[in-house]
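Here's coords_2.pdb, which has PDB, C-alpha atoms and all ligand atoms:
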```pdb
MODEL        1
ATOM      1  CA  MET V  67     -22.488 -59.500 -46.037
ATOM      2  CA  PHE V  68     -21.779 -61.427 -42.817
ATOM      3  CA  ASN V  69     -23.336 -58.661 -40.755
ATOM      4  CA  ARG V  70     -26.511 -58.670 -42.755
ATOM      5  CA  ALA V  71     -26.990 -62.426 -42.499
ATOM      6  CA  TYR V  72     -26.239 -62.217 -38.794
ATOM      7  CA  TYR V  73     -28.888 -59.573 -38.119
ATOM      8  CA  ILE V  74     -31.499 -61.371 -40.169
ATOM      9  CA  LEU V  75     -30.794 -64.489 -38.125
ATOM     10  CA  LEU V  76     -30.953 -62.524 -34.870
ATOM     11  CA  LEU V  77     -34.226 -60.882 -35.877
ATOM     12  CA  TYR V  78     -35.630 -64.241 -36.890
ATOM     13  CA  SER V  79     -34.687 -65.943 -33.619
ATOM     14  CA  ILE V  80     -36.133 -63.139 -31.479
ATOM     15  CA  PHE V  81     -39.250 -63.174 -33.623
ATOM     16  CA  ILE V  82     -39.734 -66.901 -33.075
ATOM     17  CA  TYR V  83     -38.919 -66.642 -29.366
ATOM     18  CA  ALA V  84     -41.147 -63.672 -28.706
ATOM     19  CA  PHE V  85     -44.137 -64.794 -30.687
ATOM     20  CA  SER V  86     -44.345 -68.521 -30.227
ATOM     21  CA  TYR V  87     -46.207 -68.380 -26.939
ATOM     22  CA  ALA V  88     -48.314 -65.388 -27.901
ATOM     23  CA  PHE V  89     -49.698 -67.216 -30.918
ATOM     24  CA  VAL V  90     -50.145 -70.521 -29.163
ATOM     25  CA  LEU V  91     -52.119 -68.723 -26.476
ATOM     26  CA  ARG V  92     -54.095 -66.708 -28.984
ATOM     27  CA  SER V  93     -55.354 -69.897 -30.612
ATOM     28  CA  ASP V  94     -56.136 -71.339 -27.207
ATOM     29  CA  GLN V  95     -57.797 -68.293 -25.706
ATOM     30  CA  ASN V  96     -61.131 -69.814 -24.815
ATOM     31  CA  THR V  97     -59.443 -72.364 -22.637
ATOM     32  CA  LEU V  98     -57.374 -69.881 -20.637
ATOM     33  CA  GLN V  99     -58.698 -68.868 -17.271
ATOM     34  CA  ILE V 100     -57.725 -66.027 -15.000
ATOM     35  CA  ILE V 101     -57.243 -67.598 -11.579
ATOM     36  CA  GLU V 102     -55.857 -64.668  -9.586
ATOM     37  CA  VAL V 103     -55.199 -60.963  -9.962
ATOM     38  CA  LEU V 104     -52.325 -59.452  -7.971
ATOM     39  CA  ASP V 105     -52.645 -55.914  -6.769
ATOM     40  CA  GLU V 106     -49.171 -54.462  -7.385
ATOM     41  CA  PRO V 107     -48.412 -50.726  -7.109
ATOM     42  CA  ASN V 108     -46.811 -50.448 -10.562
ATOM     43  CA  SER V 109     -48.198 -53.340 -12.596
ATOM     44  CA  HIS V 110     -51.384 -55.124 -13.493
ATOM     45  CA  ILE V 111     -50.615 -58.799 -12.928
ATOM     46  CA  SER V 112     -52.937 -61.726 -13.677
ATOM     47  CA  ILE V 113     -52.179 -65.364 -13.097
ATOM     48  CA  ILE V 114     -53.713 -67.458 -15.862
ATOM     49  CA  GLN V 115     -53.993 -71.209 -16.311
ATOM     50  CA  ASP V 116     -54.415 -73.421 -19.368
ATOM     51  CA  THR V 117     -56.501 -76.597 -19.572
ATOM     52  CA  VAL V 118     -53.701 -78.873 -18.427
ATOM     53  CA  GLY V 119     -52.950 -76.764 -15.367
ATOM     54  CA  ASN V 120     -49.871 -74.804 -16.571
ATOM     55  CA  LYS V 121     -49.753 -71.441 -14.871
ATOM     56  CA  PHE V 122     -48.479 -68.204 -16.426
ATOM     57  CA  LEU V 123     -48.395 -64.604 -15.385
ATOM     58  CA  VAL V 124     -49.536 -61.745 -17.603
ATOM     59  CA  LYS V 125     -47.852 -58.501 -16.644
ATOM     60  CA  GLN V 126     -48.582 -55.023 -17.881
ATOM     61  CA  SER V 127     -46.955 -51.988 -16.345
ATOM     62  CA  LYS V 128     -49.378 -49.216 -15.389
ATOM     63  CA  HIS V 129     -46.934 -46.878 -17.143
ATOM     64  CA  VAL V 130     -46.162 -49.175 -20.051
ATOM     65  CA  GLU V 131     -45.841 -46.400 -22.630
ATOM     66  CA  ARG V 132     -44.104 -43.886 -20.432
ATOM     67  CA  LYS V 133     -41.357 -46.175 -19.162
ATOM     68  CA  LEU V 134     -40.963 -48.919 -21.808
ATOM     69  CA  GLY V 135     -39.693 -51.266 -19.076
ATOM     70  CA  LEU V 136     -41.274 -54.126 -20.999
ATOM     71  CA  VAL V 137     -38.631 -53.802 -23.721
ATOM     72  CA  ALA V 138     -35.849 -54.003 -21.120
ATOM     73  CA  GLU V 139     -37.518 -56.977 -19.423
ATOM     74  CA  VAL V 140     -37.880 -59.043 -22.625
ATOM     75  CA  VAL V 141     -34.278 -58.414 -23.763
ATOM     76  CA  ALA V 142     -32.734 -58.947 -20.313
ATOM     77  CA  ALA V 143     -34.708 -62.165 -19.724
ATOM     78  CA  TYR V 144     -33.528 -63.471 -23.102
ATOM     79  CA  ILE V 145     -29.902 -62.784 -22.109
ATOM     80  CA  ALA V 146     -30.348 -64.526 -18.731
ATOM     81  CA  TYR V 147     -32.094 -67.506 -20.308
ATOM     82  CA  SER V 148     -29.416 -67.849 -23.017
ATOM     83  CA  ILE V 149     -26.642 -68.379 -20.490
ATOM     84  CA  GLY V 150     -28.698 -70.777 -18.384
ATOM     85  CA  LEU V 151     -29.558 -68.576 -15.411
ATOM     86  CA  PRO V 152     -32.609 -69.546 -13.346
ATOM     87  CA  VAL V 153     -34.994 -66.907 -14.636
ATOM     88  CA  ASN V 154     -38.696 -66.833 -15.421
ATOM     89  CA  SER V 155     -39.047 -66.997 -19.214
ATOM     90  CA  VAL V 156     -40.526 -63.786 -20.566
ATOM     91  CA  TYR V 157     -42.438 -63.611 -23.855
ATOM     92  CA  LEU V 158     -43.640 -60.536 -25.617
ATOM     93  CA  ILE V 159     -47.368 -60.104 -26.207
ATOM     94  CA  PRO V 160     -47.580 -57.385 -28.863
ATOM     95  CA  SER V 161     -50.233 -54.693 -28.680
ATOM     96  CA  TRP V 162     -52.464 -56.382 -31.262
ATOM     97  CA  VAL V 163     -52.614 -59.792 -29.548
ATOM     98  CA  ASP V 164     -55.421 -59.979 -27.011
ATOM     99  CA  ILE V 165     -55.258 -62.590 -24.310
ATOM    100  CA  PRO V 166     -57.103 -62.981 -21.016
ATOM    101  CA  GLY V 167     -55.336 -61.157 -18.197
ATOM    102  CA  LYS V 168     -54.173 -58.255 -20.325
ATOM    103  CA  SER V 169     -55.839 -55.312 -18.654
ATOM    104  CA  MET V 170     -55.183 -52.785 -21.430
ATOM    105  CA  GLN V 171     -55.878 -54.850 -24.536
ATOM    106  CA  ARG V 172     -54.442 -52.459 -27.140
ATOM    107  CA  LYS V 173     -51.085 -52.168 -25.434
ATOM    108  CA  PRO V 174     -48.223 -54.660 -25.261
ATOM    109  CA  ALA V 175     -47.695 -56.904 -22.245
ATOM    110  CA  THR V 176     -45.418 -59.741 -21.197
ATOM    111  CA  LEU V 177     -46.191 -63.369 -20.486
ATOM    112  CA  HIS V 178     -44.061 -65.044 -17.805
ATOM    113  CA  THR V 179     -43.633 -68.676 -16.899
ATOM    114  CA  PHE V 180     -44.761 -69.125 -13.318
ATOM    115  CA  VAL V 181     -41.819 -69.952 -11.081
ATOM    116  CA  PRO V 182     -42.144 -71.978  -7.873
ATOM    117  CA  GLY V 183     -41.259 -70.767  -4.401
ATOM    118  CA  ARG V 184     -41.753 -67.395  -2.764
ATOM    119  CA  THR V 185     -40.068 -64.036  -2.873
ATOM    120  CA  LEU V 186     -37.390 -63.302  -0.263
ATOM    121  CA  SER V 187     -39.635 -60.580   1.167
ATOM    122  CA  ARG V 188     -41.681 -63.397   2.736
ATOM    123  CA  PRO V 189     -40.541 -65.655   5.591
ATOM    124  CA  GLY V 190     -38.048 -68.296   4.470
ATOM    125  CA  PRO V 191     -34.514 -69.599   4.967
ATOM    126  CA  TYR V 192     -32.822 -66.917   2.858
ATOM    127  CA  ASN V 193     -34.957 -63.874   3.592
ATOM    128  CA  PHE V 194     -31.983 -62.005   5.144
ATOM    129  CA  ILE V 195     -30.136 -62.022   1.785
ATOM    130  CA  HIS V 196     -29.565 -58.587   0.283
ATOM    131  CA  ILE V 197     -27.843 -58.393  -3.106
ATOM    132  CA  GLN V 198     -29.236 -55.129  -4.483
ATOM    133  CA  GLN V 199     -26.234 -53.268  -5.913
ATOM    134  CA  LEU V 200     -27.717 -49.788  -5.881
ATOM    135  CA  CYS V 201     -30.554 -48.755  -3.584
ATOM    136  CA  TYR V 202     -30.140 -44.971  -3.721
ATOM    137  CA  TYR V 203     -27.763 -42.783  -5.709
ATOM    138  CA  TYR V 204     -27.255 -40.555  -2.658
ATOM    139  CA  HIS V 205     -25.821 -43.450  -0.612
ATOM    140  CA  PRO V 206     -22.110 -43.083   0.232
ATOM    141  CA  PRO V 207     -19.696 -44.962  -2.111
ATOM    142  CA  GLU V 208     -19.190 -47.836   0.334
ATOM    143  CA  LYS V 209     -22.917 -48.625   0.164
ATOM    144  CA  ARG V 210     -23.088 -48.684  -3.641
ATOM    145  CA  GLY V 211     -21.995 -51.449  -6.028
ATOM    146  CA  LEU V 212     -20.498 -54.863  -5.350
ATOM    147  CA  ARG V 213     -19.690 -54.179  -1.708
ATOM    148  CA  ARG V 214     -18.396 -56.557   0.936
ATOM    149  CA  SER V 215     -21.829 -57.484   2.324
ATOM    150  CA  ILE V 216     -23.015 -58.508  -1.157
ATOM    151  CA  ILE V 217     -19.915 -60.673  -1.650
ATOM    152  CA  THR V 218     -20.636 -62.349   1.688
ATOM    153  CA  HIS V 219     -24.326 -62.902   0.925
ATOM    154  CA  MET V 220     -23.876 -64.108  -2.652
ATOM    155  CA  SER V 221     -21.331 -66.671  -1.457
ATOM    156  CA  LEU V 222     -23.964 -68.460   0.609
ATOM    157  CA  HIS V 223     -25.612 -70.207  -2.368
ATOM    158  CA  LYS V 224     -24.220 -71.341  -5.723
ATOM    159  CA  ASP V 225     -27.066 -69.661  -7.688
ATOM    160  CA  LEU V 226     -26.356 -66.183  -6.341
ATOM    161  CA  PRO V 227     -22.957 -65.130  -7.811
ATOM    162  CA  PRO V 228     -24.211 -65.643 -11.415
ATOM    163  CA  ILE V 229     -27.364 -63.659 -10.575
ATOM    164  CA  VAL V 230     -25.317 -60.775  -9.118
ATOM    165  CA  ALA V 231     -22.960 -60.856 -12.147
ATOM    166  CA  PHE V 232     -25.952 -60.730 -14.479
ATOM    167  CA  ASP V 233     -27.382 -57.699 -12.650
ATOM    168  CA  THR V 234     -23.988 -55.960 -12.894
ATOM    169  CA  PHE V 235     -23.764 -56.731 -16.608
ATOM    170  CA  VAL V 236     -27.243 -55.567 -17.613
ATOM    171  CA  GLY V 237     -27.225 -52.679 -15.117
ATOM    172  CA  CYS V 238     -30.300 -53.796 -13.171
ATOM    173  CA  SER V 239     -30.372 -52.185  -9.742
ATOM    174  CA  ASP V 240     -33.809 -53.445  -8.706
ATOM    175  CA  ARG V 241     -32.824 -56.775  -7.120
ATOM    176  CA  LYS V 242     -34.662 -56.110  -3.877
ATOM    177  CA  ARG V 243     -36.043 -59.059  -1.937
ATOM    178  CA  LYS V 244     -39.414 -58.836  -3.725
ATOM    179  CA  ASN V 245     -37.663 -59.453  -7.051
ATOM    180  CA  LEU V 246     -35.844 -62.649  -6.130
ATOM    181  CA  MET V 247     -37.622 -65.946  -5.506
ATOM    182  CA  TYR V 248     -36.427 -69.053  -3.701
ATOM    183  CA  ASP V 249     -37.901 -72.516  -4.021
ATOM    184  CA  LYS V 250     -37.196 -74.746  -1.028
ATOM    185  CA  GLU V 251     -38.204 -77.955  -2.840
ATOM    186  CA  THR V 252     -35.518 -77.646  -5.502
ATOM    187  CA  ASP V 253     -33.153 -75.359  -3.558
ATOM    188  CA  THR V 254     -33.170 -72.897  -6.482
ATOM    189  CA  PHE V 255     -33.275 -69.119  -6.709
ATOM    190  CA  TYR V 256     -35.201 -67.493  -9.569
ATOM    191  CA  LEU V 257     -34.813 -64.025 -11.002
ATOM    192  CA  ILE V 258     -37.963 -62.064 -11.677
ATOM    193  CA  ASP V 259     -38.680 -58.449 -12.655
ATOM    194  CA  LEU V 260     -36.037 -57.189 -15.061
ATOM    195  CA  GLU V 261     -37.864 -54.001 -16.037
ATOM    196  CA  LYS V 262     -35.108 -51.820 -14.658
ATOM    197  CA  ALA V 263     -32.331 -53.422 -16.730
ATOM    198  CA  PHE V 264     -30.139 -51.110 -18.833
ATOM    199  CA  GLN V 265     -30.640 -48.215 -16.444
ATOM    200  CA  SER V 266     -27.650 -48.221 -14.072
ATOM    201  CA  GLY V 267     -23.890 -48.167 -14.446
ATOM    202  CA  LEU V 268     -23.356 -50.988 -11.963
ATOM    203  CA  ALA V 269     -20.084 -52.211 -13.523
ATOM    204  CA  LYS V 270     -18.395 -48.891 -12.731
ATOM    205  CA  LEU V 271     -19.649 -49.056  -9.143
ATOM    206  CA  ALA V 272     -18.330 -52.628  -8.881
ATOM    207  CA  CYS V 273     -14.946 -51.482 -10.252
ATOM    208  CA  ASN V 274     -14.757 -48.824  -7.530
ATOM    209  CA  ARG V 275     -15.476 -51.328  -4.764
ATOM    210  CA  ILE V 276     -13.115 -54.048  -6.069
ATOM    211  CA  HIS V 277     -10.369 -51.471  -6.641
ATOM    212  CA  HIS V 278     -10.778 -50.332  -3.047
ATOM    213  CA  MET V 279     -10.617 -53.929  -1.756
ATOM    214  CA  ILE V 280      -7.449 -54.641  -3.778
ATOM    215  CA  HIS V 281      -5.756 -51.665  -2.141
ATOM    216  CA  SER V 282      -6.857 -52.428   1.390
ATOM    217  CA  ASN V 283      -6.006 -55.447   3.453
ATOM    218  CA  GLU V 284      -9.166 -57.366   4.159
ATOM    219  CA  HIS V 285      -9.689 -61.007   4.897
ATOM    220  CA  PHE V 286     -11.905 -63.065   2.596
ATOM    221  CA  THR V 287     -13.051 -66.575   3.410
ATOM    222  CA  GLN V 288     -12.588 -69.464   1.003
ATOM    223  CA  LYS V 289     -16.348 -69.411   0.359
ATOM    224  CA  GLU V 290     -16.212 -65.719  -0.594
ATOM    225  CA  ILE V 291     -13.314 -66.309  -2.997
ATOM    226  CA  ILE V 292     -15.288 -69.123  -4.648
ATOM    227  CA  GLY V 293     -18.250 -66.719  -4.885
ATOM    228  CA  ILE V 294     -16.078 -64.068  -6.581
ATOM    229  CA  ARG V 295     -14.703 -66.708  -8.976
ATOM    230  CA  ARG V 296     -18.222 -67.765  -9.988
ATOM    231  CA  TYR V 297     -19.207 -64.093 -10.403
ATOM    232  CA  ARG V 298     -16.155 -63.551 -12.666
ATOM    233  CA  GLU V 299     -16.948 -66.667 -14.732
ATOM    234  CA  THR V 300     -20.502 -65.493 -15.462
ATOM    235  CA  LEU V 301     -19.396 -61.944 -16.217
ATOM    236  CA  ALA V 302     -16.795 -63.233 -18.698
ATOM    237  CA  LEU V 303     -19.413 -65.441 -20.383
ATOM    238  CA  LEU V 304     -21.816 -62.500 -20.698
ATOM    239  CA  ILE V 305     -19.110 -60.208 -22.085
ATOM    240  CA  ASN V 306     -18.194 -62.816 -24.718
ATOM    241  CA  SER V 307     -21.784 -63.614 -25.658
ATOM    242  CA  PHE V 308     -23.519 -60.218 -25.714
ATOM    243  CA  SER V 309     -21.685 -57.344 -27.372
ATOM    244  CA  PRO V 310     -23.203 -53.832 -27.246
ATOM    245  CA  ASN V 311     -24.000 -54.144 -30.940
ATOM    246  CA  LYS V 312     -26.003 -57.312 -30.409
ATOM    247  CA  VAL V 313     -27.886 -56.003 -27.358
ATOM    248  CA  CYS V 314     -28.683 -52.637 -28.989
ATOM    249  CA  ASN V 315     -30.111 -54.495 -31.987
ATOM    250  CA  MET V 316     -32.206 -56.680 -29.710
ATOM    251  CA  ILE V 317     -33.599 -53.576 -27.983
ATOM    252  CA  ASP V 318     -34.577 -52.118 -31.377
ATOM    253  CA  VAL V 319     -36.152 -55.370 -32.556
ATOM    254  CA  VAL V 320     -38.240 -55.874 -29.399
ATOM    255  CA  MET V 321     -39.303 -52.219 -29.500
ATOM    256  CA  TYR V 322     -40.439 -52.683 -33.081
ATOM    257  CA  LEU V 323     -42.216 -56.009 -32.506
ATOM    258  CA  SER V 324     -44.070 -54.803 -29.403
ATOM    259  CA  GLY V 325     -46.388 -52.736 -31.561
ATOM    260  CA  PHE V 326     -45.867 -49.563 -29.567
ATOM    261  CA  ASN V 327     -45.552 -47.619 -32.773
ATOM    262  CA  TRP V 328     -48.805 -48.702 -34.335
ATOM    263  CA  PRO V 329     -51.159 -47.147 -35.223
ATOM    264  CA  THR V 330     -49.895 -43.880 -33.796
ATOM    265  CA  SER V 331     -46.477 -43.061 -32.584
ATOM    266  CA  THR V 332     -46.593 -41.302 -29.230
ATOM    267  CA  ILE V 333     -43.635 -43.179 -27.833
ATOM    268  CA  ASP V 334     -40.581 -41.411 -26.538
ATOM    269  CA  HIS V 335     -37.720 -43.172 -28.315
ATOM    270  CA  SER V 336     -35.184 -41.348 -26.190
ATOM    271  CA  ILE V 337     -35.902 -43.941 -23.473
ATOM    272  CA  THR V 338     -34.615 -46.885 -25.525
ATOM    273  CA  GLU V 339     -31.778 -44.734 -26.870
ATOM    274  CA  GLN V 340     -30.811 -44.156 -23.238
ATOM    275  CA  TYR V 341     -30.964 -47.938 -22.547
ATOM    276  CA  LYS V 342     -28.512 -48.465 -25.402
ATOM    277  CA  LYS V 343     -26.146 -45.730 -24.237
ATOM    278  CA  THR V 344     -26.180 -46.946 -20.635
ATOM    279  CA  PHE V 345     -25.557 -50.555 -21.686
ATOM    280  CA  THR V 346     -22.693 -49.646 -24.027
ATOM    281  CA  LYS V 347     -20.950 -47.655 -21.307
ATOM    282  CA  ASN V 348     -21.596 -50.342 -18.712
ATOM    283  CA  TYR V 349     -20.152 -52.989 -21.056
ATOM    284  CA  ALA V 350     -16.835 -51.106 -21.319
ATOM    285  CA  GLU V 351     -16.691 -50.870 -17.515
ATOM    286  CA  ALA V 352     -17.504 -54.590 -17.208
ATOM    287  CA  GLN V 353     -14.419 -55.357 -19.317
ATOM    288  CA  LYS V 354     -12.287 -53.329 -16.880
ATOM    289  CA  LEU V 355     -13.989 -55.102 -14.002
ATOM    290  CA  LEU V 356     -12.805 -58.495 -15.298
ATOM    291  CA  HIS V 357      -9.158 -57.376 -14.982
ATOM    292  CA  LEU V 358      -9.757 -56.012 -11.501
ATOM    293  CA  LEU V 359     -11.371 -59.289 -10.446
ATOM    294  CA  ASP V 360      -8.292 -61.169 -11.645
ATOM    295  CA  LYS V 361      -6.094 -58.925  -9.499
ATOM    296  CA  PHE V 362      -8.461 -59.412  -6.570
ATOM    297  CA  ILE V 363      -8.295 -63.213  -6.923
ATOM    298  CA  ILE V 364      -4.479 -63.200  -7.162
ATOM    299  CA  LYS V 365      -4.238 -61.037  -4.051
ATOM    300  CA  TYR V 366      -6.697 -62.865  -1.813
ATOM    301  CA  GLU V 367      -6.616 -66.496  -2.955
ATOM    302  CA  ARG V 368      -4.310 -68.626  -0.888
TER     303      ARG V 368
HETATM  304  N1  LIG V 401     -42.701 -65.482 -12.879
HETATM  305  C1  LIG V 401     -43.302 -65.349 -11.699
HETATM  306  N2  LIG V 401     -43.706 -66.429 -11.014
HETATM  307  C2  LIG V 401     -44.341 -66.320  -9.808
HETATM  308  N3  LIG V 401     -44.639 -65.122  -9.237
HETATM  309  C3  LIG V 401     -44.252 -64.002  -9.869
HETATM  310  C4  LIG V 401     -43.569 -64.054 -11.133
HETATM  311  N4  LIG V 401     -43.340 -62.789 -11.545
HETATM  312  C5  LIG V 401     -43.852 -61.984 -10.591
HETATM  313  N5  LIG V 401     -44.402 -62.693  -9.583
HETATM  314  C6  LIG V 401     -45.065 -62.139  -8.385
HETATM  315  O1  LIG V 401     -45.630 -60.885  -8.738
HETATM  316  C7  LIG V 401     -45.006 -59.823  -7.983
HETATM  317  C8  LIG V 401     -44.831 -58.602  -8.882
HETATM  318  O2  LIG V 401     -44.119 -58.932 -10.042
HETATM  319  P1  LIG V 401     -42.969 -57.990 -10.610
HETATM  320  O3  LIG V 401     -42.521 -58.570 -11.906
HETATM  321  O4  LIG V 401     -41.934 -57.806  -9.563
HETATM  322  O5  LIG V 401     -43.769 -56.644 -10.865
HETATM  323  P2  LIG V 401     -43.411 -55.115 -10.548
HETATM  324  O6  LIG V 401     -42.565 -54.665 -11.691
HETATM  325  O7  LIG V 401     -44.718 -54.424 -10.483
HETATM  326  O8  LIG V 401     -42.651 -55.082  -9.237
HETATM  327  C9  LIG V 401     -43.695 -60.417  -7.487
HETATM  328  O9  LIG V 401     -43.212 -59.784  -6.325
HETATM  329  C10 LIG V 401     -44.067 -61.869  -7.270
HETATM  330  O10 LIG V 401     -44.740 -62.025  -6.040
HETATM  331 MG    MG V 402     -41.054 -56.176  -8.677
ENDMDL
END
```

Taking this structure as input, can you express it in the form of C-alpha cells?
Ligand SMILES: Nc1ncnc2c1ncn2[C@@H]1O[C@H](COP(=O)(O)OP(=O)(O)O)[C@@H](O)[C@H]1O
Ligand SMILES: [Mg+2]
Amino acid sequence: MFNRAYYILLLYSIFIYAFSYAFVLRSDQNTLQIIEVLDEPNSHISIIQDTVGNKFLVKQSKHVERKLGLVAEVVAAYIAYSIGLPVNSVYLIPSWVDIPGKSMQRKPATLHTFVPGRTLSRPGPYNFIHIQQLCYYYHPPEKRGLRRSIITHMSLHKDLPPIVAFDTFVGCSDRKRKNLMYDKETDTFYLIDLEKAFQSGLAKLACNRIHHMIHSNEHFTQKEIIGIRRYRETLALLINSFSPNKVCNMIDVVMYLSGFNWPTSTIDHSITEQYKKTFTKNYAEAQKLLHLLDKFIIKYER
C-alpha cells in the first residue's frame, strides 16, 4: 500500500517537474527566439530567449534514439538539483512538444537553464582543474578513480568535492573541462552535461584508490582532509536520499514520458536496463566507499 502511494507520488512529482517548462514554453512559442546555434560534435544546441530576456538552451543529441543519454541527463540533473548542487536545471521536452530550437521536431529533447560563466576549457582562473574520474578504461589503476590529483584539485574550491561525489554516485565519467563551468562574478562552479551518467562503476574505482591510500603512508594537507570530508558528506546524503529502487523507477518514468515509444517502438530498452544495473552495482560500492572514507579520515586527520 505504502509502496504504491509512494510511486504514484514520485511519478506525479517527476511529471510536474518535467512538463512544467515544456508546457509554459509551448503556450509561449511565438515569443521565443533562437539567438544562437552552437556547433557541437554530438549535439544540436540552440540558445533561445523569451520576451523578458531569459535564456535557455535546447539540446538534442545527434544520436538521441541510439544512446538515450537524454534519459540519463534528466534523471541525474534531478538528483543533483534535489540535494542543492549547482547544476543547470534540465527539463524534458517530449517528442510531441515542438518548440523553437528543437532540430528534430518529432524526437525528444531537453531544455536547460542557461548558466553564467564559461567552461574550464576556456581561459580562466581554474582552467587547470581536472576532476574527471575515468578518462580511459585502459589507463593504469593509479590513473582511474578518485586519485590523489583529484583530491588535491577538488580541495581548492568548496563547490568541487560535492560535484566529484555526485559524479562518483551517479557513475558519470564525463567531467572533462568542457563539462564544468565557472562563474567569476559569483565564484560558483556549475555542472553541465550529465548524458553519461549511470554508465561507469566509479564508486568501485574510488574504493580501490582510497583503500590503497589507507594502506600507504602519504601526507594529506588540512585542505585535502576538509575536501574529503565534504565529499563524504555529499556521498552519504546521496546514498540516503536516492536508493536504487527510486532511481530505477525514475529512469523508467522519464523513458516513458519522453515519448520515445510512440508511435512506433524502435528503441533499444537494453540501454536503460543497463543504466539501472550499473547504478545498482555502483550504489552498493558507494556504501562500501563510505566506510573506507571513515577509515581514511581517522588515519590522516590530525
Ligand atoms: N546550461 C548551459 N548554460 C550555458 N552553456 C551551456 C549549458 N549547457 C551547455 N552549454 C554549452 O554548450 C556546450 C555543449 O553542451 P553539452 O551539454 O556539453 O553537450 P554535449 O553532450 O554535446 O557535449 C558546452 O560545452 C557549453 O559550452
Ligand atoms: Mg559536453

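For ligand MG 402 (chain V), the set of protein, DNA and RNA residues within 7 Å, based on all atoms listed in the file, reads Lys244, Asn245 and Asp259 of chain V.
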
#### Entry: Exercise answer, 10 Å around ligand LIG 401 (chain V) with all atoms listed in the file, as a PyMOL selection string
chain V and resi 103-113+121-128+135-136+139+153-156+176-188+240-247+256-262

Those residues you just picked out, can you put them in a file as a PDB file, keeping the file's coordinate frame with C-alpha atoms?
```pdb
ATOM      1  CA  VAL V 103     -55.199 -60.963  -9.962  1.00  0.00           C
ATOM      2  CA  LEU V 104     -52.325 -59.452  -7.971  1.00  0.00           C
ATOM      3  CA  ASP V 105     -52.645 -55.914  -6.769  1.00  0.00           C
ATOM      4  CA  GLU V 106     -49.171 -54.462  -7.385  1.00  0.00           C
ATOM      5  CA  PRO V 107     -48.412 -50.726  -7.109  1.00  0.00           C
ATOM      6  CA  ASN V 108     -46.811 -50.448 -10.562  1.00  0.00           C
ATOM      7  CA  SER V 109     -48.198 -53.340 -12.596  1.00  0.00           C
ATOM      8  CA  HIS V 110     -51.384 -55.124 -13.493  1.00  0.00           C
ATOM      9  CA  ILE V 111     -50.615 -58.799 -12.928  1.00  0.00           C
ATOM     10  CA  SER V 112     -52.937 -61.726 -13.677  1.00  0.00           C
ATOM     11  CA  ILE V 113     -52.179 -65.364 -13.097  1.00  0.00           C
ATOM     12  CA  LYS V 121     -49.753 -71.441 -14.871  1.00  0.00           C
ATOM     13  CA  PHE V 122     -48.479 -68.204 -16.426  1.00  0.00           C
ATOM     14  CA  LEU V 123     -48.395 -64.604 -15.385  1.00  0.00           C
ATOM     15  CA  VAL V 124     -49.536 -61.745 -17.603  1.00  0.00           C
ATOM     16  CA  LYS V 125     -47.852 -58.501 -16.644  1.00  0.00           C
ATOM     17  CA  GLN V 126     -48.582 -55.023 -17.881  1.00  0.00           C
ATOM     18  CA  SER V 127     -46.955 -51.988 -16.345  1.00  0.00           C
ATOM     19  CA  LYS V 128     -49.378 -49.216 -15.389  1.00  0.00           C
ATOM     20  CA  GLY V 135     -39.693 -51.266 -19.076  1.00  0.00           C
ATOM     21  CA  LEU V 136     -41.274 -54.126 -20.999  1.00  0.00           C
ATOM     22  CA  GLU V 139     -37.518 -56.977 -19.423  1.00  0.00           C
ATOM     23  CA  VAL V 153     -34.994 -66.907 -14.636  1.00  0.00           C
ATOM     24  CA  ASN V 154     -38.696 -66.833 -15.421  1.00  0.00           C
ATOM     25  CA  SER V 155     -39.047 -66.997 -19.214  1.00  0.00           C
ATOM     26  CA  VAL V 156     -40.526 -63.786 -20.566  1.00  0.00           C
ATOM     27  CA  THR V 176     -45.418 -59.741 -21.197  1.00  0.00           C
ATOM     28  CA  LEU V 177     -46.191 -63.369 -20.486  1.00  0.00           C
ATOM     29  CA  HIS V 178     -44.061 -65.044 -17.805  1.00  0.00           C
ATOM     30  CA  THR V 179     -43.633 -68.676 -16.899  1.00  0.00           C
ATOM     31  CA  PHE V 180     -44.761 -69.125 -13.318  1.00  0.00           C
ATOM     32  CA  VAL V 181     -41.819 -69.952 -11.081  1.00  0.00           C
ATOM     33  CA  PRO V 182     -42.144 -71.978  -7.873  1.00  0.00           C
ATOM     34  CA  GLY V 183     -41.259 -70.767  -4.401  1.00  0.00           C
ATOM     35  CA  ARG V 184     -41.753 -67.395  -2.764  1.00  0.00           C
ATOM     36  CA  THR V 185     -40.068 -64.036  -2.873  1.00  0.00           C
ATOM     37  CA  LEU V 186     -37.390 -63.302  -0.263  1.00  0.00           C
ATOM     38  CA  SER V 187     -39.635 -60.580   1.167  1.00  0.00           C
ATOM     39  CA  ARG V 188     -41.681 -63.397   2.736  1.00  0.00           C
ATOM     40  CA  ASP V 240     -33.809 -53.445  -8.706  1.00  0.00           C
ATOM     41  CA  ARG V 241     -32.824 -56.775  -7.120  1.00  0.00           C
ATOM     42  CA  LYS V 242     -34.662 -56.110  -3.877  1.00  0.00           C
ATOM     43  CA  ARG V 243     -36.043 -59.059  -1.937  1.00  0.00           C
ATOM     44  CA  LYS V 244     -39.414 -58.836  -3.725  1.00  0.00           C
ATOM     45  CA  ASN V 245     -37.663 -59.453  -7.051  1.00  0.00           C
ATOM     46  CA  LEU V 246     -35.844 -62.649  -6.130  1.00  0.00           C
ATOM     47  CA  MET V 247     -37.622 -65.946  -5.506  1.00  0.00           C
ATOM     48  CA  TYR V 256     -35.201 -67.493  -9.569  1.00  0.00           C
ATOM     49  CA  LEU V 257     -34.813 -64.025 -11.002  1.00  0.00           C
ATOM     50  CA  ILE V 258     -37.963 -62.064 -11.677  1.00  0.00           C
ATOM     51  CA  ASP V 259     -38.680 -58.449 -12.655  1.00  0.00           C
ATOM     52  CA  LEU V 260     -36.037 -57.189 -15.061  1.00  0.00           C
ATOM     53  CA  GLU V 261     -37.864 -54.001 -16.037  1.00  0.00           C
ATOM     54  CA  LYS V 262     -35.108 -51.820 -14.658  1.00  0.00           C
TER      55      LYS V 262
END
```

### Query
Any idea what the distance is between CA of Thr97 in chain V and CA of Gly119 in chain V?
10.7 Å

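Considering only C-alpha atoms, the residue among V:Leu271, V:Leu158, V:Ala175, V:Ile292 positioned nearest to Ser221 in chain V is V:Ile292.
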